[in-house]
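my_file_35.cif, holding mmCIF, C-alpha atoms (C1' of nucleotides):
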```
data_target
#
loop_
_atom_site.label_atom_id
_atom_site.label_comp_id
_atom_site.auth_asym_id
_atom_site.auth_seq_id
_atom_site.Cartn_x
_atom_site.Cartn_y
_atom_site.Cartn_z
CA MET A 5 107.63 136.50 123.51
CA SER A 6 106.67 134.29 120.65
CA PRO A 7 103.70 135.17 118.50
CA ALA A 8 100.82 133.91 120.58
CA THR A 9 98.10 131.45 119.70
CA SER A 10 97.32 133.23 116.50
CA ILE A 11 98.23 136.48 114.99
CA LEU A 12 95.87 139.42 115.03
CA PRO A 13 94.05 139.63 111.73
CA ASP A 14 95.58 143.04 111.14
CA ALA A 15 99.04 141.60 111.44
CA LEU A 16 98.35 139.36 108.49
CA ALA A 17 99.39 142.13 106.13
CA GLN A 18 102.69 142.44 107.92
CA ARG A 19 103.42 138.74 107.71
CA LEU A 20 102.60 138.68 104.05
CA ALA A 21 104.75 141.72 103.42
CA ASP A 22 107.62 139.95 105.15
CA SER A 23 107.45 137.40 102.38
CA GLY A 24 107.07 140.05 99.71
CA LEU A 25 103.39 139.31 99.21
CA ARG A 26 100.34 141.53 99.16
CA ALA A 27 97.39 141.52 101.51
CA THR A 28 94.50 140.94 99.18
CA PRO A 29 90.84 140.73 100.18
CA GLN A 30 90.87 137.06 99.23
CA ARG A 31 93.77 136.28 101.52
CA GLU A 32 92.29 138.29 104.36
CA ILE A 33 88.92 136.63 104.15
CA VAL A 34 90.35 133.13 103.81
CA TYR A 35 92.44 133.74 106.89
CA SER A 36 89.56 135.27 108.85
CA VAL A 37 87.38 132.29 107.99
CA LEU A 38 90.01 129.96 109.43
CA LEU A 39 90.22 132.03 112.60
CA ALA A 40 86.46 132.28 112.95
CA LYS A 41 85.73 128.56 113.11
CA ARG A 42 88.64 126.40 114.02
CA ASP A 43 87.20 123.08 113.03
CA HIS A 44 89.97 122.15 110.62
CA PRO A 45 88.00 122.74 107.45
CA THR A 46 88.96 121.36 104.07
CA ALA A 47 89.65 123.63 101.11
CA ASP A 48 86.13 122.99 99.88
CA GLU A 49 84.66 123.95 103.21
CA VAL A 50 86.75 127.10 103.31
CA PHE A 51 85.54 127.80 99.80
CA VAL A 52 81.86 127.77 100.72
CA ARG A 53 82.46 129.84 103.85
CA VAL A 54 84.44 132.45 101.99
CA LYS A 55 81.90 132.61 99.20
CA SER A 56 79.28 133.94 101.55
CA GLU A 57 81.46 137.00 102.02
CA LEU A 58 83.07 137.13 98.61
CA PRO A 59 80.81 135.28 96.21
CA THR A 60 83.10 135.68 93.22
CA ILE A 61 86.11 133.91 94.68
CA SER A 62 87.24 130.80 92.88
CA LEU A 63 88.29 127.48 94.34
CA ALA A 64 91.71 127.88 92.76
CA THR A 65 92.17 131.10 94.68
CA VAL A 66 91.17 129.43 97.91
CA TYR A 67 93.88 126.83 97.28
CA ASN A 68 96.34 129.58 96.43
CA CYS A 69 95.52 131.56 99.56
CA LEU A 70 95.73 128.55 101.80
CA GLU A 71 99.08 127.63 100.35
CA THR A 72 100.27 131.17 100.85
CA LEU A 73 99.15 131.21 104.47
CA VAL A 74 100.84 127.89 105.11
CA HIS A 75 103.97 129.21 103.49
CA CYS A 76 103.93 132.28 105.75
CA ASP A 77 103.55 130.04 108.81
CA LEU A 78 100.18 131.46 109.69
CA VAL A 79 98.35 128.21 109.13
CA ARG A 80 99.16 124.53 109.35
CA ALA A 81 98.06 121.96 106.79
CA VAL A 82 96.95 118.69 108.34
CA ASN A 83 96.43 115.35 106.64
CA PHE A 84 94.74 112.19 107.77
CA GLU A 85 95.40 109.20 105.63
CA ARG A 86 94.23 109.99 102.15
CA GLY A 87 91.55 112.44 103.17
CA PRO A 88 91.49 116.00 101.94
CA THR A 89 93.96 118.40 103.51
CA ARG A 90 92.59 120.34 106.45
CA TYR A 91 93.70 123.74 107.67
CA CYS A 92 94.40 124.92 111.16
CA PRO A 93 95.35 128.39 112.40
CA ASN A 94 96.65 127.13 115.75
CA LEU A 95 100.33 127.96 115.73
CA ARG A 96 101.27 126.45 119.06
CA PRO A 97 102.88 123.04 119.04
CA HIS A 98 100.09 120.55 119.16
CA ALA A 99 99.09 117.08 118.04
CA HIS A 100 95.86 116.14 116.31
CA PHE A 101 93.25 113.69 117.43
CA HIS A 102 91.11 112.36 114.64
CA ASP A 103 87.77 111.06 115.79
CA GLU A 104 86.91 108.12 113.58
CA GLN A 105 83.22 108.20 114.38
CA THR A 106 82.49 111.84 113.75
CA GLY A 107 85.40 112.72 111.50
CA ALA A 108 86.13 115.69 113.77
CA THR A 109 89.64 116.81 114.51
CA HIS A 110 90.75 118.05 117.90
CA ASP A 111 93.92 119.88 118.81
CA ILE A 112 95.91 118.30 121.62
CA GLU A 113 98.29 120.67 123.32
CA LEU A 114 101.82 119.32 123.55
CA PRO A 115 103.97 120.24 126.53
CA PRO A 116 107.43 121.23 125.31
CA GLU A 117 109.13 118.43 127.19
CA ILE A 118 107.18 115.84 125.25
CA LEU A 119 108.40 117.29 122.00
CA GLU A 120 111.95 117.16 123.29
CA LYS A 121 111.57 113.53 124.29
CA VAL A 122 110.08 112.62 120.95
CA ASN A 123 112.85 114.37 119.09
CA ALA A 124 115.34 112.54 121.26
CA VAL A 125 114.40 109.19 119.72
CA LEU A 126 116.05 110.22 116.49
CA PRO A 127 119.43 108.59 115.95
CA SER A 128 122.27 110.97 115.20
CA GLY A 129 122.41 112.08 111.61
CA TYR A 130 118.71 112.69 111.42
CA ASP A 131 117.88 116.36 111.32
CA ALA A 132 114.15 116.85 111.78
CA LYS A 133 112.60 120.11 110.70
CA SER A 134 109.19 119.16 112.04
CA VAL A 135 107.29 116.40 113.80
CA GLU A 136 103.69 115.42 113.38
CA ILE A 137 101.85 113.47 116.03
CA THR A 138 98.44 112.15 115.11
CA PHE A 139 96.05 110.07 117.17
CA ARG A 140 93.12 108.16 115.81
CA GLY A 141 90.29 106.84 117.91
CA LYS A 142 87.15 108.11 119.50
CA ALA A 143 86.62 111.11 121.69
CA LYS A 144 83.90 111.56 124.27
CA PRO A 145 84.17 115.10 125.54
CA SER A 146 82.90 118.40 124.25
CA THR A 147 84.12 119.15 120.76
CA SER A 148 86.66 121.90 120.47
CA MET B 24 105.85 86.32 122.61
CA SER B 25 104.34 88.85 120.32
CA PRO B 26 104.67 88.23 116.62
CA ALA B 27 108.19 89.43 115.96
CA THR B 28 109.46 91.95 113.44
CA SER B 29 107.59 90.34 110.63
CA ILE B 30 105.78 87.13 110.13
CA LEU B 31 107.36 84.23 108.26
CA PRO B 32 106.09 84.23 104.70
CA ASP B 33 104.58 80.80 105.30
CA ALA B 34 102.53 82.12 108.14
CA LEU B 35 100.80 84.50 105.77
CA ALA B 36 98.30 81.82 104.87
CA GLN B 37 97.46 81.38 108.52
CA ARG B 38 96.89 85.06 109.08
CA LEU B 39 94.68 85.29 106.07
CA ALA B 40 92.74 82.23 107.13
CA ASP B 41 92.16 83.84 110.51
CA SER B 42 90.24 86.53 108.65
CA GLY B 43 88.46 84.00 106.48
CA LEU B 44 90.54 84.85 103.43
CA ARG B 45 92.51 82.71 101.03
CA ALA B 46 96.21 82.74 100.35
CA THR B 47 96.36 83.50 96.67
CA PRO B 48 99.54 83.77 94.59
CA GLN B 49 98.86 87.46 94.16
CA ARG B 50 98.67 88.05 97.91
CA GLU B 51 101.74 85.97 98.56
CA ILE B 52 103.83 87.74 95.97
CA VAL B 53 102.69 91.19 96.99
CA TYR B 54 103.63 90.39 100.56
CA SER B 55 106.97 88.87 99.61
CA VAL B 56 107.80 91.94 97.56
CA LEU B 57 107.18 94.12 100.59
CA LEU B 58 109.39 91.91 102.73
CA ALA B 59 112.14 91.76 100.13
CA LYS B 60 112.77 95.48 99.86
CA ARG B 61 111.58 97.53 102.77
CA ASP B 62 111.82 100.92 101.19
CA HIS B 63 108.19 101.89 101.74
CA PRO B 64 107.10 101.49 98.13
CA THR B 65 103.94 102.99 96.71
CA ALA B 66 101.23 100.82 95.19
CA ASP B 67 102.62 101.62 91.75
CA GLU B 68 106.08 100.57 92.78
CA VAL B 69 104.76 97.35 94.26
CA PHE B 70 102.90 96.83 91.01
CA VAL B 71 106.03 96.93 88.86
CA ARG B 72 107.96 94.72 91.26
CA VAL B 73 105.22 92.13 91.40
CA LYS B 74 104.79 92.17 87.63
CA SER B 75 108.28 90.80 87.15
CA GLU B 76 107.14 87.66 88.94
CA LEU B 77 103.51 87.64 87.90
CA PRO B 78 103.22 89.67 84.72
CA THR B 79 99.47 89.34 84.46
CA ILE B 80 98.60 90.96 87.76
CA SER B 81 96.53 94.11 87.59
CA LEU B 82 96.98 97.32 89.51
CA ALA B 83 93.52 96.89 91.00
CA THR B 84 94.63 93.58 92.46
CA VAL B 85 97.73 95.15 93.92
CA TYR B 86 95.51 97.68 95.65
CA ASN B 87 93.22 94.89 96.81
CA CYS B 88 96.08 92.80 98.15
CA LEU B 89 97.67 95.72 99.95
CA GLU B 90 94.38 96.60 101.54
CA THR B 91 93.93 93.00 102.61
CA LEU B 92 97.39 92.84 104.13
CA VAL B 93 96.82 96.08 106.00
CA HIS B 94 93.51 94.73 107.22
CA CYS B 95 95.20 91.56 108.52
CA ASP B 96 97.78 93.68 110.35
CA LEU B 97 100.63 92.32 108.33
CA VAL B 98 101.48 95.64 106.77
CA ARG B 99 101.16 99.29 107.70
CA ALA B 100 99.99 102.00 105.32
CA VAL B 101 101.92 105.22 105.66
CA ASN B 102 101.05 108.65 104.34
CA PHE B 103 103.09 111.80 103.97
CA GLU B 104 101.13 114.88 103.20
CA ARG B 105 99.24 114.28 99.99
CA GLY B 106 101.71 111.86 98.51
CA PRO B 107 100.74 108.35 97.49
CA THR B 108 100.27 105.82 100.26
CA ARG B 109 103.36 103.78 101.07
CA TYR B 110 103.50 100.31 102.53
CA CYS B 111 105.66 98.97 105.29
CA PRO B 112 105.91 95.40 106.63
CA ASN B 113 107.60 96.49 109.88
CA LEU B 114 105.14 95.57 112.61
CA ARG B 115 107.06 96.90 115.55
CA PRO B 116 106.03 100.27 116.92
CA HIS B 117 108.02 102.83 115.03
CA ALA B 118 107.89 106.35 113.72
CA HIS B 119 108.73 107.47 110.20
CA PHE B 120 111.33 109.92 109.08
CA HIS B 121 110.64 111.44 105.72
CA ASP B 122 113.75 112.77 104.02
CA GLU B 123 112.68 115.84 102.06
CA GLN B 124 115.71 115.82 99.80
CA THR B 125 115.66 112.24 98.65
CA GLY B 126 112.03 111.37 99.33
CA ALA B 127 113.22 108.29 101.20
CA THR B 128 111.46 107.03 104.30
CA HIS B 129 113.25 105.61 107.29
CA ASP B 130 111.81 103.66 110.18
CA ILE B 131 112.65 105.07 113.60
CA GLU B 132 112.32 102.55 116.39
CA LEU B 133 110.21 103.79 119.27
CA PRO B 134 111.01 102.69 122.80
CA PRO B 135 107.80 101.68 124.57
CA GLU B 136 108.16 104.35 127.21
CA ILE B 137 108.03 107.08 124.61
CA LEU B 138 104.75 105.76 123.33
CA GLU B 139 103.38 105.75 126.84
CA LYS B 140 104.48 109.32 127.39
CA VAL B 141 102.97 110.43 124.13
CA ASN B 142 99.70 108.71 124.93
CA ALA B 143 99.74 110.40 128.31
CA VAL B 144 99.29 113.83 126.74
CA LEU B 145 95.72 112.93 125.82
CA PRO B 146 93.14 114.52 128.10
CA SER B 147 90.67 112.12 129.64
CA GLY B 148 87.84 111.20 127.34
CA TYR B 149 90.11 110.66 124.39
CA ASP B 150 90.49 107.01 123.54
CA ALA B 151 93.27 106.59 120.98
CA LYS B 152 93.40 103.42 118.95
CA SER B 153 96.66 104.37 117.31
CA VAL B 154 99.30 107.07 117.16
CA GLU B 155 101.39 108.12 114.22
CA ILE B 156 104.63 110.00 114.66
CA THR B 157 106.20 111.44 111.55
CA PHE B 158 109.37 113.48 111.20
CA ARG B 159 110.31 115.54 108.20
CA GLY B 160 113.78 116.82 107.51
CA LYS B 161 117.01 115.58 106.12
CA ALA B 162 118.97 112.49 106.99
CA LYS B 163 122.69 112.01 106.59
CA PRO B 164 123.42 108.40 107.41
CA SER B 165 123.21 105.22 105.39
CA THR B 166 119.79 104.69 103.93
CA SER B 167 117.82 101.83 105.39
"C1'" DC C 3 87.25 63.38 88.85
"C1'" DC C 4 83.67 66.71 87.84
"C1'" DC C 5 80.48 70.26 89.39
"C1'" DT C 6 79.23 74.08 91.76
"C1'" DC C 7 79.51 78.00 94.58
"C1'" DT C 8 81.79 81.76 96.07
"C1'" DA C 9 85.97 84.37 96.59
"C1'" DA C 10 89.30 86.67 94.02
"C1'" DT C 11 91.03 88.88 90.05
"C1'" DT C 12 90.83 91.80 86.09
"C1'" DG C 13 90.53 95.98 82.92
"C1'" DG C 14 88.49 99.87 82.38
"C1'" DA C 15 85.57 103.60 83.75
"C1'" DA C 16 84.73 106.78 87.35
"C1'" DT C 17 85.88 109.74 91.20
"C1'" DA C 18 88.03 113.12 94.50
"C1'" DG C 19 91.21 116.32 95.50
"C1'" DT C 20 94.40 119.15 93.84
"C1'" DT C 21 97.44 121.55 90.51
"C1'" DC C 22 98.24 123.67 86.17
"C1'" DT C 23 97.50 126.96 82.43
"C1'" DA C 24 96.45 130.83 79.99
"C1'" DA C 25 93.83 134.81 80.07
"C1'" DT C 26 92.24 138.68 82.68
"C1'" DT C 27 92.29 142.04 86.37
"C1'" DC C 28 94.34 144.57 89.89
"C1'" DT C 29 97.84 147.46 92.24
"C1'" DC C 30 101.27 150.44 92.83
"C1'" DA C 31 105.61 152.79 91.51
"C1'" DG C 32 107.00 156.15 88.54
"C1'" DC D 24 98.14 158.05 83.54
"C1'" DT D 25 100.90 154.07 82.30
"C1'" DG D 26 103.42 149.87 82.48
"C1'" DA D 27 105.16 145.82 85.00
"C1'" DG D 28 104.47 142.41 87.94
"C1'" DA D 29 101.35 140.14 91.18
"C1'" DA D 30 97.07 137.98 91.97
"C1'" DT D 31 92.86 135.99 90.55
"C1'" DT D 32 89.92 133.27 87.70
"C1'" DA D 33 87.63 129.32 85.09
"C1'" DG D 34 88.33 125.38 83.39
"C1'" DA D 35 91.27 121.68 81.78
"C1'" DA D 36 94.43 118.29 83.34
"C1'" DC D 37 96.42 115.20 86.53
"C1'" DT D 38 97.28 111.60 90.15
"C1'" DA D 39 96.06 108.26 93.20
"C1'" DT D 40 92.58 105.49 94.23
"C1'" DT D 41 88.07 103.16 94.14
"C1'" DC D 42 84.29 101.20 91.81
"C1'" DC D 43 82.06 98.08 88.64
"C1'" DA D 44 80.75 94.32 85.91
"C1'" DA D 45 82.54 90.37 83.88
"C1'" DT D 46 85.64 86.54 84.14
"C1'" DT D 47 88.51 83.12 86.41
"C1'" DA D 48 90.06 80.10 89.91
"C1'" DG D 49 90.03 77.05 93.81
"C1'" DA D 50 87.94 74.35 97.70
"C1'" DG D 51 84.71 71.09 98.99
"C1'" DG D 52 80.77 67.84 97.95
"C1'" DG D 53 79.11 64.20 95.36
#
```

Translate this structure into structure tokens?
Amino acid sequence: MSPATSILPDALAQRLADSGLRATPQREIVYSVLLAKRDHPTADEVFVRVKSELPTISLATVYNCLETLVHCDLVRAVNFERGPTRYCPNLRPHAHFHDEQTGATHDIELPPEILEKVNAVLPSGYDAKSVEITFRGKAKPSTS
Amino acid sequence: MSPATSILPDALAQRLADSGLRATPQREIVYSVLLAKRDHPTADEVFVRVKSELPTISLATVYNCLETLVHCDLVRAVNFERGPTRYCPNLRPHAHFHDEQTGATHDIELPPEILEKVNAVLPSGYDAKSVEITFRGKAKPSTS
DNA sequence: CCCTCTAATTGGAATAGTTCTAATTCTCAG
DNA sequence: CTGAGAATTAGAACTATTCCAATTAGAGGG
């Protein structure tokens, strides 16, 4: 039905084309890096990971690619307080749990009915395009 | 029972004292400015409002005071994406609705049972100290 | 009252993360 | 092969915030 957890790398080109954009090596590698290790890296972290495959890439390009991917709905940008933006290729509706001790971020799956209930708190006249649910605290279990 | 919507200005001194801090004119005026117009101002906006009462205050002090008030749980800091931090003296549990057209922020009251349900989505092992719920979209009705 | 001790404030410099700019390089349609 | 537009690049610029060192202010003791 819906595009599953994440799109096949090869389908990236298609998604980009849908927006009238080209599949460049930079965009492909940035996206593959996000898929490879889903630890919500910052732009800087993506930068160093991509550089090992494409040493000539610039930080500006990493920002550009990330923005492009977000714009194509292949990636979500996540913010915690004033920290650097983090990037997440998980397309299913989910919340984020921010572990204050380790700084790690975990995806929390959201059953559809919870989203409905949350949206239902909005008084009439409010038209929400998206909701963000973010927990802060500490997590014990295995890191995702 | 619980401290209601917001503390009486006079009680500010008490709250500060509880944390071993003094009630300075700067802190009092910063707090009163937040209470006077609850439009989720940024630090810069607070700065200009406070200056009309206390022209010699510095921006650094505004940041210090805001941080102090947040620390004493008199004020909440709110972030939208990478925008500047906004400040909110509403102490009741509530979500935020960020109007993309106008940039305005509206408080959305949260019934306690919704918070419980949201917290219930956390797998065991996750110990959340706080939850943030943020909507983005457009709002029709009267601005708050 | 005055003194002292520490908390608080101040202005300016410094920082982090991100965006902008202008120049270059690439790609593909013709 | 050529030209037009898209994408990339390096570095400058920008914004919000924090840091720092110096000054001021206020509470309590004598």

Legend entry - Result set of the PyMOL selection byres ((chain C) within 12 of (chain B)) on the coordinates above, as a list in words: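 Evaluating the PyMOL selection byres ((chain C) within 12 of (chain B)) on this file yields DT8, DA9, DA10, DT11, DT12, DG13, DG14, DG19 and DT20 of chain C.
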
Keeping C-alpha atoms (C1' of nucleotides), export the residues of the selection given above as a PDB file, in the coordinates of the input.
```pdb
ATOM      1  C1'  DT C   8      81.790  81.760  96.070  1.00  0.00           C
ATOM      2  C1'  DA C   9      85.970  84.370  96.590  1.00  0.00           C
ATOM      3  C1'  DA C  10      89.300  86.670  94.020  1.00  0.00           C
ATOM      4  C1'  DT C  11      91.030  88.880  90.050  1.00  0.00           C
ATOM      5  C1'  DT C  12      90.830  91.800  86.090  1.00  0.00           C
ATOM      6  C1'  DG C  13      90.530  95.980  82.920  1.00  0.00           C
ATOM      7  C1'  DG C  14      88.490  99.870  82.380  1.00  0.00           C
ATOM      8  C1'  DG C  19      91.210 116.320  95.500  1.00  0.00           C
ATOM      9  C1'  DT C  20      94.400 119.150  93.840  1.00  0.00           C
TER      10       DT C  20
END
```

Inset, instruction - Apply the PyMOL selection byres ((chain D and resi 25) around 9) to the structure shown and report the selected residues as a ChimeraX atom specification. - result: /C:32 /D:24,26

Inset, instruction - Using all atoms listed in the file, determine which residues of chain B fall within 9 Å of chain D; present them as number ranges by chain. - result: B: 83, 86, 106-108

Each residue of chain A lying at most 6 Å from chain B should get a row with its shortest atom-to-atom pair and the distance in Å to one decimal, counting only C-alpha atoms; could you produce that, ordered by chain and increasing number, as a Markdown table?
```
| residue | atom | partner | partner_atom | distance |
| --- | --- | --- | --- | --- |
| A:Asn83 | CA | B:Glu104 | CA | 5.8 |
| A:Glu85 | CA | B:Asn102 | CA | 5.8 |
| A:Gly129 | CA | B:Lys163 | CA | 5.0 |
| A:Tyr130 | CA | B:Ala162 | CA | 4.4 |
| A:Asp131 | CA | B:Lys161 | CA | 5.3 |
| A:Ala132 | CA | B:Gly160 | CA | 4.3 |
| A:Lys133 | CA | B:Gly160 | CA | 4.7 |
| A:Ser134 | CA | B:Arg159 | CA | 5.4 |
| A:Val135 | CA | B:Phe158 | CA | 4.4 |
| A:Glu136 | CA | B:Thr157 | CA | 5.0 |
| A:Ile137 | CA | B:Ile156 | CA | 4.7 |
| A:Thr138 | CA | B:Glu155 | CA | 5.1 |
| A:Phe139 | CA | B:Val154 | CA | 4.4 |
| A:Arg140 | CA | B:Ser153 | CA | 5.4 |
| A:Gly141 | CA | B:Ala151 | CA | 4.3 |
| A:Lys142 | CA | B:Asp150 | CA | 5.4 |
| A:Ala143 | CA | B:Tyr149 | CA | 4.4 |
| A:Lys144 | CA | B:Gly148 | CA | 5.0 |
| A:Pro145 | CA | B:Gly148 | CA | 5.6 |
```

Inset, instruction - Give me the result of the PyMOL selection byres ((chain A and resi 78) around 10) on this file, residue by residue, as a PyMOL selection string. - result: chain A and resi 10-11+16+19-20+35+70+72-77+79-80+92-95
